[in-house]
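Enquirer: Contents are CSV, C-alpha atoms and all ligand atoms; file name protein_6.csv:
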chain,number,residue,atom,x,y,z
A,79,MET,CA,-51.1,43.8,4.9
A,80,GLN,CA,-51.9,41.8,8.0
A,81,ALA,CA,-53.1,45.0,9.7
A,82,GLU,CA,-55.3,45.8,6.7
A,83,GLU,CA,-56.8,42.3,6.9
A,84,ASP,CA,-57.4,42.6,10.7
A,85,ARG,CA,-59.1,46.0,10.2
A,86,ARG,CA,-61.4,44.5,7.6
A,87,ARG,CA,-62.3,41.6,9.8
A,88,LYS,CA,-63.1,44.1,12.6
A,89,ASP,CA,-65.3,46.1,10.3
A,90,CYS,CA,-67.0,43.0,9.3
A,91,LEU,CA,-67.8,41.5,12.7
A,92,THR,CA,-68.9,43.1,15.8
A,93,PRO,CA,-66.3,42.7,18.5
A,94,THR,CA,-68.7,41.8,21.3
A,95,LEU,CA,-67.8,38.2,21.3
A,96,SER,CA,-64.2,38.4,22.5
A,97,ALA,CA,-65.0,36.2,25.4
A,98,SER,CA,-66.3,33.3,23.2
A,99,GLN,CA,-63.8,30.5,23.0
A,100,VAL,CA,-63.9,27.5,20.8
A,101,LEU,CA,-62.7,24.0,21.7
A,102,LEU,CA,-60.7,22.5,18.8
A,103,LEU,CA,-60.8,18.7,18.6
A,104,ASN,CA,-58.5,16.4,16.6
A,105,ALA,CA,-60.1,14.2,14.0
A,106,SER,CA,-60.0,11.5,16.7
A,107,TYR,CA,-62.1,13.7,19.0
A,108,GLU,CA,-59.2,14.4,21.4
A,109,PRO,CA,-59.1,18.0,22.6
A,110,MET,CA,-56.2,19.9,21.0
A,111,GLN,CA,-56.6,23.6,21.9
A,112,ILE,CA,-58.9,26.3,22.9
A,113,ILE,CA,-58.9,28.9,20.2
A,114,SER,CA,-60.6,32.3,19.7
A,115,TRP,CA,-63.9,32.4,17.7
A,116,GLN,CA,-62.0,34.5,15.1
A,117,LYS,CA,-59.5,31.7,14.5
A,118,ALA,CA,-62.4,29.2,14.5
A,119,LEU,CA,-64.1,31.1,11.7
A,120,ILE,CA,-60.8,31.2,9.7
A,121,LEU,CA,-60.4,27.4,10.1
A,122,TRP,CA,-64.0,26.9,9.0
A,123,CYS,CA,-63.6,29.2,6.0
A,124,GLN,CA,-60.5,27.2,5.0
A,125,ASN,CA,-62.6,24.0,5.1
A,126,LYS,CA,-60.3,22.4,7.6
A,127,VAL,CA,-62.9,21.7,10.3
A,128,ASP,CA,-66.4,20.4,10.9
A,129,ILE,CA,-68.6,22.2,13.4
A,130,VAL,CA,-69.6,19.8,16.2
A,131,ASP,CA,-71.6,22.3,18.4
A,132,TYR,CA,-72.5,25.9,18.6
A,133,HIS,CA,-72.5,28.7,21.2
A,134,ASN,CA,-75.7,30.5,21.5
A,135,VAL,CA,-74.0,33.6,20.2
A,136,PHE,CA,-73.9,35.3,16.8
A,137,ALA,CA,-71.4,37.4,15.1
A,138,ARG,CA,-73.0,39.9,12.7
A,139,SER,CA,-71.6,41.5,9.6
A,140,VAL,CA,-73.4,44.0,7.5
A,141,ARG,CA,-75.1,41.4,5.3
A,142,SER,CA,-75.3,38.3,7.4
A,143,SER,CA,-74.8,36.7,10.8
A,144,PHE,CA,-72.9,33.6,11.8
A,145,GLN,CA,-73.6,31.4,14.8
A,146,ILE,CA,-70.3,31.1,16.6
A,147,PRO,CA,-69.2,27.5,17.0
A,148,SER,CA,-68.4,26.0,20.4
A,149,ILE,CA,-66.7,22.9,19.3
A,150,LEU,CA,-64.8,22.2,16.0
A,151,ARG,CA,-63.2,19.0,14.8
A,152,LEU,CA,-60.3,18.8,12.4
A,153,LYS,CA,-61.2,17.0,9.2
A,154,HIS,CA,-57.7,15.4,9.1
A,155,TYR,CA,-55.9,13.9,12.0
A,156,VAL,CA,-52.8,15.9,13.2
A,157,LYS,CA,-50.3,14.0,15.3
A,158,PRO,CA,-49.7,16.3,18.2
A,159,ARG,CA,-46.5,18.2,17.8
A,160,SER,CA,-45.1,15.9,15.2
A,161,LEU,CA,-44.2,18.4,12.6
A,162,GLY,CA,-40.5,18.8,12.3
A,163,ALA,CA,-37.8,18.5,15.0
A,164,ILE,CA,-38.8,19.5,18.5
A,165,ARG,CA,-37.0,22.6,19.7
A,166,PHE,CA,-34.6,22.1,22.5
A,167,CYS,CA,-35.7,24.4,25.3
A,168,ARG,CA,-36.4,24.4,29.0
A,169,GLU,CA,-40.2,24.0,28.7
A,170,ASN,CA,-39.9,21.1,26.3
A,171,VAL,CA,-37.4,19.2,28.5
A,172,PHE,CA,-39.9,19.6,31.4
A,173,MET,CA,-42.6,18.3,29.1
A,174,ARG,CA,-40.6,15.3,27.9
A,175,ASP,CA,-39.9,14.4,31.5
A,176,ASN,CA,-43.6,14.9,32.5
A,177,TYR,CA,-42.6,17.7,34.9
A,178,THR,CA,-41.0,15.1,37.1
A,179,CYS,CA,-37.6,15.4,38.8
A,180,GLN,CA,-35.5,12.7,37.2
A,181,TYR,CA,-33.6,12.0,40.4
A,182,CYS,CA,-36.3,11.8,43.2
A,183,GLY,CA,-39.4,11.3,41.0
A,184,ASP,CA,-41.4,14.2,42.5
A,185,ARG,CA,-43.6,16.2,40.2
A,186,HIS,CA,-43.6,20.0,40.3
A,187,SER,CA,-44.9,23.0,38.4
A,188,PRO,CA,-42.4,24.5,36.0
A,189,ARG,CA,-41.4,27.3,38.3
A,190,HIS,CA,-40.2,24.8,40.9
A,191,LEU,CA,-38.1,22.9,38.4
A,192,THR,CA,-34.7,23.4,37.1
A,193,LEU,CA,-32.6,22.0,34.2
A,194,ASP,CA,-29.8,19.8,35.3
A,195,HIS,CA,-26.7,18.9,33.2
A,196,ILE,CA,-26.1,15.2,33.7
A,197,ILE,CA,-22.4,15.7,33.0
A,198,PRO,CA,-21.8,19.1,34.5
A,199,ALA,CA,-21.1,22.0,32.3
A,200,SER,CA,-17.8,22.5,34.1
A,201,LYS,CA,-16.8,19.0,32.8
A,202,LYS,CA,-17.8,20.0,29.3
A,203,GLY,CA,-21.2,18.4,29.4
A,204,PRO,CA,-23.2,19.8,26.5
A,205,LYS,CA,-26.6,21.5,26.6
A,206,SER,CA,-28.5,18.8,24.7
A,207,TRP,CA,-31.5,16.6,24.9
A,208,THR,CA,-29.4,13.6,26.1
A,209,ASN,CA,-27.4,15.6,28.7
A,210,MET,CA,-30.2,17.7,30.2
A,211,VAL,CA,-32.9,16.5,32.5
A,212,THR,CA,-35.6,17.9,34.7
A,213,ALA,CA,-34.6,18.3,38.4
A,214,CYS,CA,-36.2,19.8,41.4
A,215,ARG,CA,-34.3,22.5,43.2
A,216,ASP,CA,-33.3,20.2,46.1
A,217,CYS,CA,-31.9,17.5,43.9
A,218,ASN,CA,-30.1,20.0,41.6
A,219,GLN,CA,-28.4,21.5,44.6
A,220,ARG,CA,-27.6,18.2,46.2
A,221,LYS,CA,-26.1,16.8,42.9
A,222,ALA,CA,-24.2,20.1,42.4
A,223,ASN,CA,-21.1,19.8,40.2
A,224,ARG,CA,-21.0,16.0,40.0
A,225,THR,CA,-22.1,13.2,37.7
A,226,PRO,CA,-25.0,11.0,38.8
A,227,GLN,CA,-22.5,8.2,39.6
A,228,THR,CA,-20.2,10.3,41.8
A,229,ALA,CA,-23.3,11.9,43.5
A,230,ASN,CA,-24.9,8.4,43.9
A,231,MET,CA,-28.1,9.8,42.4
A,232,PRO,CA,-29.2,7.5,39.6
A,233,LEU,CA,-31.5,8.8,36.9
A,234,LEU,CA,-35.0,7.5,36.7
A,235,LYS,CA,-34.5,6.9,33.0
A,236,GLU,CA,-32.0,7.6,30.2
A,237,PRO,CA,-33.0,10.9,28.6
A,238,THR,CA,-33.8,10.7,24.9
A,239,ILE,CA,-34.4,13.0,22.0
A,240,PRO,CA,-38.2,13.2,21.8
A,241,THR,CA,-40.0,12.7,18.5
A,242,TRP,CA,-43.3,14.2,19.8
A,243,LEU,CA,-44.5,15.9,22.9
A,244,PRO,CA,-47.9,15.7,24.5
A,245,ARG,CA,-50.1,18.8,24.2
A,246,PRO,CA,-49.7,21.1,27.2
A,247,GLU,CA,-52.6,20.7,29.7
A,248,MET,CA,-55.2,23.1,28.6
A,249,ASP,CA,-55.8,26.0,30.9
A,250,VAL,CA,-59.5,25.6,31.6
A,251,ASN,CA,-61.5,26.6,34.6
A,252,ASN,CA,-64.3,24.3,35.5
A,253,ASN,CA,-66.9,27.1,36.0
A,254,GLN,CA,-66.3,28.6,32.6
A,255,VAL,CA,-66.3,25.4,30.6
A,256,PRO,CA,-69.4,25.2,28.4
A,257,ILE,CA,-71.3,22.0,29.3
A,258,ALA,CA,-71.0,20.8,25.6
A,259,TRP,CA,-67.2,20.6,26.1
A,260,LEU,CA,-67.2,18.3,29.0
A,261,PRO,CA,-67.4,14.9,27.2
A,262,TYR,CA,-64.3,15.9,25.2
A,263,LEU,CA,-62.1,17.1,28.0
A,264,PRO,CA,-59.9,15.0,30.2
A,265,LEU,CA,-61.3,14.6,33.7
A,266,LYS,CA,-58.4,16.6,35.3
A,267,ILE,CA,-59.9,20.1,35.1
A,268,SER,CA,-58.5,22.7,37.5
B,301,ZN,ZN,-35.8,15.9,43.0
Please re-express this file's structure in structure tokens.
Expert:
Amino acid sequence: MQAEEDRRRKDCLTPTLSASQVLLLNASYEPMQIISWQKALILWCQNKVDIVDYHNVFARSVRSSFQIPSILRLKHYVKPRSLGAIRFCRENVFMRDNYTCQYCGDRHSPRHLTLDHIIPASKKGPKSWTNMVTACRDCNQRKANRTPQTANMPLLKEPTIPTWLPRPEMDVNNNQVPIAWLPYLPLKIS
């Protein structure tokens, strides 16, 4: 069924726009995601968004053509990641801890971070939001099979169960960002 729908969409629109991406803003104008122009058209057809700006590009079907939006804004505010319980997983623990080692306070990219059991697994410490923290490799190794107390490595803060997570930083490259997007993006662009 989905394949059938996809095929129909392909028949309908020329696929020459695969590079066009659309910035999706929350109702509050905060950037949320970069989405494909196909997803943008779906959201627009569902009446969920207003179009803020356009690309100078058109998608053509047999009967008509659509100017591809460059920026969309949700009609209703969506609290970032507030829907339902937040899944316990490595990436989400890193995000809760702001990619910061909870022992030394250094910030690292995910591939240089580890998950540390506060009460070690060997001492029956559970794999849970309140027993797992982000740790750099060095601290994880130094702490080894000990509690923070016995290792004399106090935590920066008590870990909690998050009720929401910030959106992951959007992967945007400065040279490829349409000028129209710039007022909406955080200054930190790689
Ligand atoms: Zn560390």
Enquirer: Give me, as a list of chain:residue names, the set of residues whose atoms come within 7 Å of any atom of ligand ZN 301 (chain B), counting only C-alpha atoms and all ligand atoms.
Expert: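 Taking only C-alpha atoms and all ligand atoms into account, the residues around ligand ZN 301 (chain B) at most 7 Å away are A:Cys179, A:Gln180, A:Tyr181, A:Cys182, A:Gly183, A:Asp184, A:Ala213, A:Cys214, A:Arg215, A:Asp216, A:Cys217.
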Enquirer: Given the choices A:Ile197, A:Ser206, A:Pro240, A:Asn125, which gets closest to A:Ala222 if the distance is worked out from only C-alpha atoms?
Expert: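 For A:Ala222, the nearest of the given residues is A:Ile197.
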Enquirer: Please determine, counting only C-alpha atoms, which residue among A:Pro232, A:Pro261, A:Pro147, A:Pro188 has the shortest atom-to-atom distance to A:Ile129.
Expert: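 With only C-alpha atoms as the atom set, the closest residue is A:Pro147.
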Enquirer: For A:Ser148, which residue among A:Trp122, A:Tyr262, A:Tyr107, A:Trp115 is the nearest when counting all atoms listed in the file?
Expert: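 The closest residue to A:Ser148 is A:Trp115.
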Enquirer: Given the choices A:Ser106, A:Ser114, A:Asn176, A:Asn218, which gets closest to A:Pro198 if the distance is worked out from only C-alpha atoms?
Expert: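 Under the stated criterion, the closest residue is A:Asn218.
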Enquirer: Which residue is closest to A:Leu119? Choose from A:Ile149, A:Ile239, A:Val211, A:Val140 and count all atoms listed in the file.
Expert: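 Looking at the shortest contact to A:Leu119, the residue is A:Ile149.
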Enquirer: Would you mind telling me which residue in A:Val135, A:Ala118, A:Met231, A:Val130 lies nearest to A:Ala258 when using only C-alpha atoms?
Expert: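 Of A:Val135, A:Ala118, A:Met231, A:Val130, the one nearest A:Ala258, counting only C-alpha atoms, is A:Val130.
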Enquirer: Between atom CA of A:Thr178 and atom CA of A:Asn104, what distance in Å does the model show, to one decimal?
Expert: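 So the answer is 27.0 Å.
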Enquirer: Please identify all polymer residues within 12 Å of A:Arg189, counting all atoms listed in the file, omitting same-chain residues fewer than 4 positions from it, and present them as a count of residues only.
Expert: 10
Enquirer: Can you pull out every residue within 8 Å of A:Thr208, counting all atoms listed in the file, but drop anything in the same chain fewer than 6 positions away, and send it as a PDB file with C-alpha atoms, in the coordinates of the input?
Expert:
ATOM      1  CA  GLU A 236     -32.000   7.600  30.200  1.00  0.00           C
ATOM      2  CA  PRO A 237     -33.000  10.900  28.600  1.00  0.00           C
ATOM      3  CA  THR A 238     -33.800  10.700  24.900  1.00  0.00           C
ATOM      4  CA  ILE A 239     -34.400  13.000  22.000  1.00  0.00           C
TER       5      ILE A 239
END
Enquirer: Take atom CA of A:Met173 and atom CA of A:Ile120 and report the distance between them in Å, one decimal.
Expert: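 Going from atom CA of A:Met173 over to atom CA of A:Ile120 covers 29.6 Å.
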Enquirer: Rounded to one decimal place, report the atom CA of A:Asp131-atom CA of A:Leu260 distance in Å.
Expert: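 Spanning atom CA of A:Asp131 to atom CA of A:Leu260 is a straight-line distance of 12.2 Å.
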